[in-house]
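Below you'll find the structure, written out as C-alpha coordinates, and then a few comments.
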Amino acid sequence: LLFLLVLAGQLSLQERTNVRGMLAQLNVLISVFFVTSFKQTGVLVAQVLNGLDFLLILLTHLWADQSITALPGIILPLTTLLLVTILGRYLKTIQQKIEQTHRQKEALEKSAASLRRMAYHDPVTGLLNLKAFMDELRAYSKALEQGGSYGIAFFDLDDFKYINDTMGHVAGDTVLASVAHRFLSALRPGD
(Lines give C-alpha, C1' and ligand atoms only; values in the text may rest on other atoms or scores of the structure.)
Protein backbone atom coordinates (compact mmCIF):
# COMPACT_ATOMS: atom_id res chain seq x y z
CA LEU A 1 0.00 0.00 0.00
CA LEU A 2 2.83 2.38 0.89
CA PHE A 3 4.50 1.53 -2.41
CA LEU A 4 1.33 2.39 -4.34
CA LEU A 5 1.03 5.71 -2.48
CA VAL A 6 4.65 6.51 -3.37
CA LEU A 7 3.95 5.60 -6.99
CA ALA A 8 0.84 7.77 -7.10
CA GLY A 9 2.81 10.64 -5.59
CA GLN A 10 5.53 10.30 -8.22
CA LEU A 11 3.04 10.35 -11.06
CA SER A 12 1.11 13.35 -9.77
CA LEU A 13 4.15 15.58 -9.16
CA GLN A 14 6.10 17.57 -11.66
CA GLU A 15 9.36 16.01 -12.95
CA ARG A 16 11.71 18.44 -11.22
CA THR A 17 10.32 18.58 -7.70
CA ASN A 18 12.33 17.52 -4.67
CA VAL A 19 9.36 15.60 -3.27
CA ARG A 20 9.23 13.38 -6.34
CA GLY A 21 12.92 12.57 -5.91
CA MET A 22 12.38 11.70 -2.26
CA LEU A 23 9.41 9.51 -3.19
CA ALA A 24 11.52 7.75 -5.81
CA GLN A 25 14.20 7.04 -3.17
CA LEU A 26 11.50 5.79 -0.81
CA ASN A 27 10.42 3.46 -3.62
CA VAL A 28 13.95 1.99 -3.68
CA LEU A 29 13.96 1.53 0.10
CA ILE A 30 10.54 -0.15 0.04
CA SER A 31 11.71 -2.47 -2.75
CA VAL A 32 14.81 -3.47 -0.79
CA PHE A 33 12.64 -3.97 2.30
CA PHE A 34 10.34 -6.32 0.36
CA VAL A 35 13.30 -8.36 -0.86
CA THR A 36 15.05 -8.65 2.49
CA SER A 37 11.89 -9.26 4.52
CA PHE A 38 9.87 -11.58 2.32
CA LYS A 39 12.66 -13.34 0.39
CA GLN A 40 11.55 -14.73 -2.99
CA THR A 41 7.96 -13.52 -2.63
CA GLY A 42 9.29 -10.04 -1.87
CA VAL A 43 11.51 -10.20 -4.96
CA LEU A 44 8.53 -10.97 -7.14
CA VAL A 45 6.40 -8.23 -5.56
CA ALA A 46 9.21 -5.66 -5.88
CA GLN A 47 9.85 -6.67 -9.50
CA VAL A 48 6.19 -6.36 -10.40
CA LEU A 49 5.76 -3.03 -8.62
CA ASN A 50 8.92 -1.52 -10.13
CA GLY A 51 7.92 -2.82 -13.55
CA LEU A 52 4.54 -1.14 -13.13
CA ASP A 53 6.28 2.00 -11.90
CA PHE A 54 8.45 2.02 -15.03
CA LEU A 55 5.50 1.47 -17.35
CA LEU A 56 3.32 4.09 -15.65
CA ILE A 57 6.05 6.73 -15.74
CA LEU A 58 6.77 5.90 -19.38
CA LEU A 59 3.08 6.07 -20.31
CA THR A 60 2.61 9.30 -18.35
CA HIS A 61 5.49 10.94 -20.18
CA LEU A 62 4.33 9.67 -23.56
CA TRP A 63 0.76 10.73 -22.86
CA ALA A 64 1.96 14.18 -21.84
CA ASP A 65 3.75 14.19 -25.21
CA GLN A 66 7.21 14.56 -23.66
CA SER A 67 10.36 13.35 -25.31
CA ILE A 68 11.80 10.01 -24.15
CA THR A 69 15.18 11.69 -23.79
CA ALA A 70 13.68 13.86 -21.03
CA LEU A 71 12.85 10.92 -18.81
CA PRO A 72 15.42 10.89 -16.01
CA GLY A 73 12.74 9.58 -13.65
CA ILE A 74 12.42 6.39 -15.66
CA ILE A 75 15.98 5.30 -14.89
CA LEU A 76 15.39 4.79 -11.17
CA PRO A 77 12.63 2.14 -11.54
CA LEU A 78 14.81 0.29 -14.05
CA THR A 79 17.88 0.34 -11.80
CA THR A 80 15.72 -0.62 -8.81
CA LEU A 81 14.31 -3.51 -10.84
CA LEU A 82 17.86 -4.59 -11.63
CA LEU A 83 18.91 -4.22 -7.98
CA VAL A 84 15.91 -6.24 -6.79
CA THR A 85 16.65 -9.00 -9.30
CA ILE A 86 20.32 -9.16 -8.24
CA LEU A 87 19.37 -9.20 -4.55
CA GLY A 88 16.80 -11.93 -5.21
CA ARG A 89 19.34 -14.14 -6.94
CA TYR A 90 21.88 -13.47 -4.20
CA LEU A 91 19.38 -14.39 -1.47
CA LYS A 92 18.35 -17.52 -3.36
CA THR A 93 22.00 -18.58 -3.72
CA ILE A 94 22.63 -17.96 -0.03
CA GLN A 95 19.53 -19.97 0.92
CA GLN A 96 20.70 -22.86 -1.26
CA LYS A 97 24.16 -22.72 0.38
CA ILE A 98 22.57 -22.74 3.85
CA GLU A 99 20.43 -25.77 2.95
CA GLN A 100 23.48 -27.52 1.48
CA THR A 101 25.45 -26.78 4.67
CA HIS A 102 22.63 -28.23 6.81
CA ARG A 103 22.57 -31.40 4.67
CA GLN A 104 26.36 -31.71 4.96
CA LYS A 105 26.17 -31.20 8.73
CA GLU A 106 23.53 -33.93 9.05
CA ALA A 107 25.63 -36.28 6.90
CA LEU A 108 28.71 -35.56 9.05
CA GLU A 109 26.75 -36.21 12.25
CA LYS A 110 25.51 -39.53 10.86
CA SER A 111 29.04 -40.44 9.80
CA ALA A 112 30.41 -39.51 13.23
CA ALA A 113 27.75 -41.63 14.95
CA SER A 114 28.55 -44.52 12.62
CA LEU A 115 32.28 -44.15 13.30
CA ARG A 116 31.66 -44.05 17.07
CA ARG A 117 29.58 -47.21 16.77
CA MET A 118 32.27 -48.91 14.69
CA ALA A 119 35.00 -47.82 17.14
CA TYR A 120 33.22 -49.17 20.24
CA HIS A 121 31.09 -52.10 19.05
CA ASP A 122 31.80 -55.50 17.56
CA PRO A 123 30.37 -55.66 14.02
CA VAL A 124 29.10 -59.25 14.40
CA THR A 125 27.50 -59.19 17.85
CA GLY A 126 26.82 -55.50 18.36
CA LEU A 127 28.30 -55.81 21.85
CA LEU A 128 30.94 -53.45 23.19
CA ASN A 129 34.41 -54.29 21.86
CA LEU A 130 37.66 -54.53 23.84
CA LYS A 131 38.36 -50.77 23.71
CA ALA A 132 34.88 -49.94 24.99
CA PHE A 133 35.16 -52.69 27.61
CA MET A 134 38.42 -51.20 28.90
CA ASP A 135 36.85 -47.72 29.06
CA GLU A 136 33.89 -49.15 31.01
CA LEU A 137 36.27 -51.05 33.31
CA ARG A 138 38.15 -47.80 34.09
CA ALA A 139 34.87 -46.07 34.91
CA TYR A 140 33.83 -48.91 37.21
CA SER A 141 37.26 -48.87 38.89
CA LYS A 142 36.71 -45.19 39.76
CA ALA A 143 33.28 -46.11 41.15
CA LEU A 144 34.93 -48.83 43.26
CA GLU A 145 37.35 -46.26 44.70
CA GLN A 146 34.34 -44.21 45.79
CA GLY A 147 32.73 -47.12 47.60
CA GLY A 148 30.79 -48.69 44.74
CA SER A 149 30.98 -52.27 43.55
CA TYR A 150 30.74 -54.19 40.30
CA GLY A 151 31.18 -57.69 38.99
CA ILE A 152 32.63 -59.16 35.82
CA ALA A 153 31.48 -62.41 34.24
CA PHE A 154 33.61 -64.32 31.74
CA PHE A 155 32.00 -66.71 29.24
CA ASP A 156 33.68 -69.10 26.86
CA LEU A 157 32.09 -71.01 24.01
CA ASP A 158 33.69 -74.44 24.13
CA ASP A 159 34.84 -75.83 20.79
CA PHE A 160 33.75 -72.70 18.92
CA LYS A 161 36.71 -73.14 16.59
CA TYR A 162 35.15 -76.41 15.46
CA ILE A 163 32.01 -74.52 14.26
CA ASN A 164 34.13 -72.10 12.21
CA ASP A 165 36.31 -74.92 10.81
CA THR A 166 33.48 -77.25 9.81
CA MET A 167 30.59 -74.93 8.91
CA GLY A 168 32.44 -71.74 7.98
CA HIS A 169 32.79 -68.26 9.42
CA VAL A 170 29.30 -67.21 8.37
CA ALA A 171 27.83 -69.96 10.55
CA GLY A 172 30.24 -69.00 13.36
CA ASP A 173 29.16 -65.37 13.13
CA THR A 174 25.51 -66.47 13.29
CA VAL A 175 26.21 -68.45 16.46
CA LEU A 176 28.06 -65.49 18.02
CA ALA A 177 25.22 -63.09 17.15
CA SER A 178 22.65 -65.51 18.59
CA VAL A 179 24.59 -65.93 21.84
CA ALA A 180 25.04 -62.13 22.12
CA HIS A 181 21.30 -61.63 21.59
CA ARG A 182 20.55 -64.13 24.38
CA PHE A 183 22.94 -62.35 26.75
CA LEU A 184 21.42 -58.96 25.93
CA SER A 185 17.87 -60.24 26.47
CA ALA A 186 18.86 -61.55 29.92
CA LEU A 187 20.31 -58.24 31.15
CA ARG A 188 18.48 -56.05 33.62
CA PRO A 189 18.38 -52.24 33.12
CA GLY A 190 21.25 -51.63 35.58
CA ASP A 191 23.51 -54.40 34.21
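Residue numbering restarts at 1 in every chain; chains get A, B, ... in the order shown in the C-alpha coordinates, and ligands count up from 1 in that same order.
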Residue contacts of stretch 76-83 of chain A (8 Å, only C-alpha atoms) excluding same-chain residues fewer than 5 positions away, as a JSON list (two decimals) with all heavy atoms, in the first residue's frame:
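File produced: result17.json:
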```
[["chain", "number", "residue", "atom", "x", "y", "z"],
["A", 24, "ALA", "N", 10.83, 8.77, -5.01],
["A", 24, "ALA", "CA", 11.52, 7.75, -5.81],
["A", 24, "ALA", "C", 12.53, 6.99, -4.95],
["A", 24, "ALA", "O", 12.67, 5.76, -5.06],
["A", 24, "ALA", "CB", 12.21, 8.41, -7.00],
["A", 28, "VAL", "N", 12.79, 2.89, -3.72],
["A", 28, "VAL", "CA", 13.95, 1.99, -3.68],
["A", 28, "VAL", "C", 14.04, 1.31, -2.31],
["A", 28, "VAL", "O", 14.22, 0.09, -2.21],
["A", 28, "VAL", "CB", 15.26, 2.76, -3.99],
["A", 28, "VAL", "CG1", 16.47, 1.85, -3.80],
["A", 28, "VAL", "CG2", 15.23, 3.32, -5.40],
["A", 31, "SER", "N", 11.37, -1.29, -1.94],
["A", 31, "SER", "CA", 11.71, -2.47, -2.75],
["A", 31, "SER", "C", 12.74, -3.34, -2.05],
["A", 31, "SER", "O", 12.60, -4.57, -1.98],
["A", 31, "SER", "CB", 12.22, -2.04, -4.12],
["A", 31, "SER", "OG", 11.23, -1.38, -4.84],
["A", 46, "ALA", "N", 8.42, -6.85, -5.54],
["A", 46, "ALA", "CA", 9.21, -5.66, -5.88],
["A", 46, "ALA", "C", 9.44, -5.56, -7.38],
["A", 46, "ALA", "O", 9.40, -4.46, -7.96],
["A", 46, "ALA", "CB", 10.53, -5.68, -5.13],
["A", 47, "GLN", "N", 9.66, -6.69, -8.05],
["A", 47, "GLN", "CA", 9.85, -6.67, -9.50],
["A", 47, "GLN", "C", 8.58, -6.20, -10.20],
["A", 47, "GLN", "O", 8.62, -5.37, -11.11],
["A", 47, "GLN", "CB", 10.26, -8.05, -10.01],
["A", 47, "GLN", "CG", 11.69, -8.41, -9.70],
["A", 47, "GLN", "CD", 12.03, -9.84, -10.09],
["A", 47, "GLN", "OE1", 11.17, -10.71, -10.09],
["A", 47, "GLN", "NE2", 13.29, -10.07, -10.40],
["A", 50, "ASN", "N", 8.00, -2.39, -9.41],
["A", 50, "ASN", "CA", 8.92, -1.52, -10.13],
["A", 50, "ASN", "C", 8.69, -1.58, -11.63],
["A", 50, "ASN", "O", 8.87, -0.58, -12.33],
["A", 50, "ASN", "CB", 10.38, -1.86, -9.79],
["A", 50, "ASN", "CG", 10.78, -1.24, -8.48],
["A", 50, "ASN", "OD1", 10.98, -0.04, -8.40],
["A", 50, "ASN", "ND2", 10.88, -2.06, -7.44],
["A", 51, "GLY", "N", 8.29, -2.72, -12.14],
["A", 51, "GLY", "CA", 7.92, -2.82, -13.55],
["A", 51, "GLY", "C", 6.72, -1.95, -13.86],
["A", 51, "GLY", "O", 6.67, -1.24, -14.87],
["A", 53, "ASP", "N", 5.80, 0.63, -12.06],
["A", 53, "ASP", "CA", 6.28, 2.00, -11.90],
["A", 53, "ASP", "C", 6.92, 2.49, -13.19],
["A", 53, "ASP", "O", 6.63, 3.58, -13.69],
["A", 53, "ASP", "CB", 7.28, 2.06, -10.75],
["A", 53, "ASP", "CG", 7.66, 3.47, -10.35],
["A", 53, "ASP", "OD1", 7.00, 4.43, -10.81],
["A", 53, "ASP", "OD2", 8.62, 3.62, -9.57],
["A", 54, "PHE", "N", 7.78, 1.66, -13.77],
["A", 54, "PHE", "CA", 8.45, 2.02, -15.03],
["A", 54, "PHE", "C", 7.43, 2.26, -16.14],
["A", 54, "PHE", "O", 7.47, 3.29, -16.83],
["A", 54, "PHE", "CB", 9.42, 0.89, -15.42],
["A", 54, "PHE", "CG", 9.91, 0.99, -16.84],
["A", 54, "PHE", "CD1", 10.86, 1.94, -17.19],
["A", 54, "PHE", "CD2", 9.44, 0.13, -17.82],
["A", 54, "PHE", "CE1", 11.31, 2.04, -18.49],
["A", 54, "PHE", "CE2", 9.89, 0.22, -19.12],
["A", 54, "PHE", "CZ", 10.83, 1.18, -19.46]]
```
Contacts of A:Lys161 within 12 Å, only C-alpha atoms, excl. fewer than 5 positions in-chain, as a list in words: Asp156, Thr166, Met167, Gly168, His169, Ala171, Gly172, Asp173, Val175 and Leu176 of chain A
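Across the model, the gap from atom CA of A:Lys131 to atom CA of A:Lys105 is 27.5 Å.
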Nearest to A:Ile86 by atom-to-atom distance, counting only C-alpha atoms, from A:Val35, A:Leu58, A:Ile98, A:Leu108: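 Counting only C-alpha atoms, the residue closest to A:Ile86 is A:Val35.
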Just want the 12 Å neighbourhood of A:Arg117, counted on only C-alpha atoms, with same-chain residues fewer than 4 positions away dropped. Output as a PyMOL selection string. chain A and resi 110-113+121-123+126-129+131-132
Export N, CA and C atoms of the chosen residues as a JSON list (two decimals), in the first residue's frame?
```json
[["chain", "number", "residue", "atom", "x", "y", "z"],
["A", 110, "LYS", "N", 25.79, -38.11, 11.05],
["A", 110, "LYS", "CA", 25.51, -39.53, 10.86],
["A", 110, "LYS", "C", 26.80, -40.32, 10.72],
["A", 111, "SER", "N", 27.75, -39.77, 9.98],
["A", 111, "SER", "CA", 29.04, -40.44, 9.80],
["A", 111, "SER", "C", 29.77, -40.56, 11.13],
["A", 112, "ALA", "N", 29.74, -39.49, 11.92],
["A", 112, "ALA", "CA", 30.41, -39.51, 13.23],
["A", 112, "ALA", "C", 29.77, -40.56, 14.14],
["A", 113, "ALA", "N", 28.45, -40.63, 14.13],
["A", 113, "ALA", "CA", 27.75, -41.63, 14.95],
["A", 113, "ALA", "C", 28.12, -43.04, 14.48],
["A", 121, "HIS", "N", 31.95, -50.91, 19.08],
["A", 121, "HIS", "CA", 31.09, -52.10, 19.05],
["A", 121, "HIS", "C", 31.63, -53.14, 18.08],
["A", 122, "ASP", "N", 31.42, -54.39, 18.44],
["A", 122, "ASP", "CA", 31.80, -55.50, 17.56],
["A", 122, "ASP", "C", 30.80, -55.57, 16.41],
["A", 123, "PRO", "N", 31.29, -55.66, 15.16],
["A", 123, "PRO", "CA", 30.37, -55.66, 14.02],
["A", 123, "PRO", "C", 29.47, -56.89, 13.95],
["A", 126, "GLY", "N", 27.39, -56.77, 17.93],
["A", 126, "GLY", "CA", 26.82, -55.50, 18.36],
["A", 126, "GLY", "C", 27.17, -55.16, 19.79],
["A", 127, "LEU", "N", 27.89, -56.06, 20.47],
["A", 127, "LEU", "CA", 28.30, -55.81, 21.85],
["A", 127, "LEU", "C", 29.51, -54.88, 21.86],
["A", 128, "LEU", "N", 29.77, -54.31, 23.05],
["A", 128, "LEU", "CA", 30.94, -53.45, 23.19],
["A", 128, "LEU", "C", 32.21, -54.25, 22.87],
["A", 129, "ASN", "N", 33.16, -53.62, 22.19],
["A", 129, "ASN", "CA", 34.41, -54.29, 21.86],
["A", 129, "ASN", "C", 35.42, -54.11, 23.00],
["A", 131, "LYS", "N", 38.08, -52.17, 23.35],
["A", 131, "LYS", "CA", 38.36, -50.77, 23.71],
["A", 131, "LYS", "C", 37.25, -50.22, 24.60],
["A", 132, "ALA", "N", 36.01, -50.43, 24.20],
["A", 132, "ALA", "CA", 34.88, -49.94, 24.99],
["A", 132, "ALA", "C", 34.83, -50.64, 26.35]]
```
Given only C-alpha atoms as the basis, pick out the residue of A:Phe133, A:Trp63, A:Phe155, A:Phe38 nearest to A:Lys92.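 Ranking A:Phe133, A:Trp63, A:Phe155, A:Phe38 by distance to A:Lys92, first place goes to A:Phe38.
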Calculate how many Å separate atom CA of A:Ala177 from atom CA of A:Thr125, rounding to one decimal. 4.6 Å
Between A:Ile163, A:Ile75, A:Leu59, A:Val84, which one has atoms that come closest to A:Val45, using only C-alpha atoms? A:Val84
Filtered DSSP result for stretch 4-187 of chain A, state helix (DSSP H, G or I), as a PyMOL selection string: chain A and resi 4-12+18-63+68-70+72-120+130-145+160-167+169-186
Atom CA of A:Gly88 to atom CA of A:Thr36, straight-line distance in Å: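 Calculated distance between atom CA of A:Thr36 and atom CA of A:Gly88 is 8.6 Å.
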Which one of A:Leu91, A:Glu109, A:Val124, A:Leu137 sits closest to A:Ser178 if you count only C-alpha atoms? A:Val124
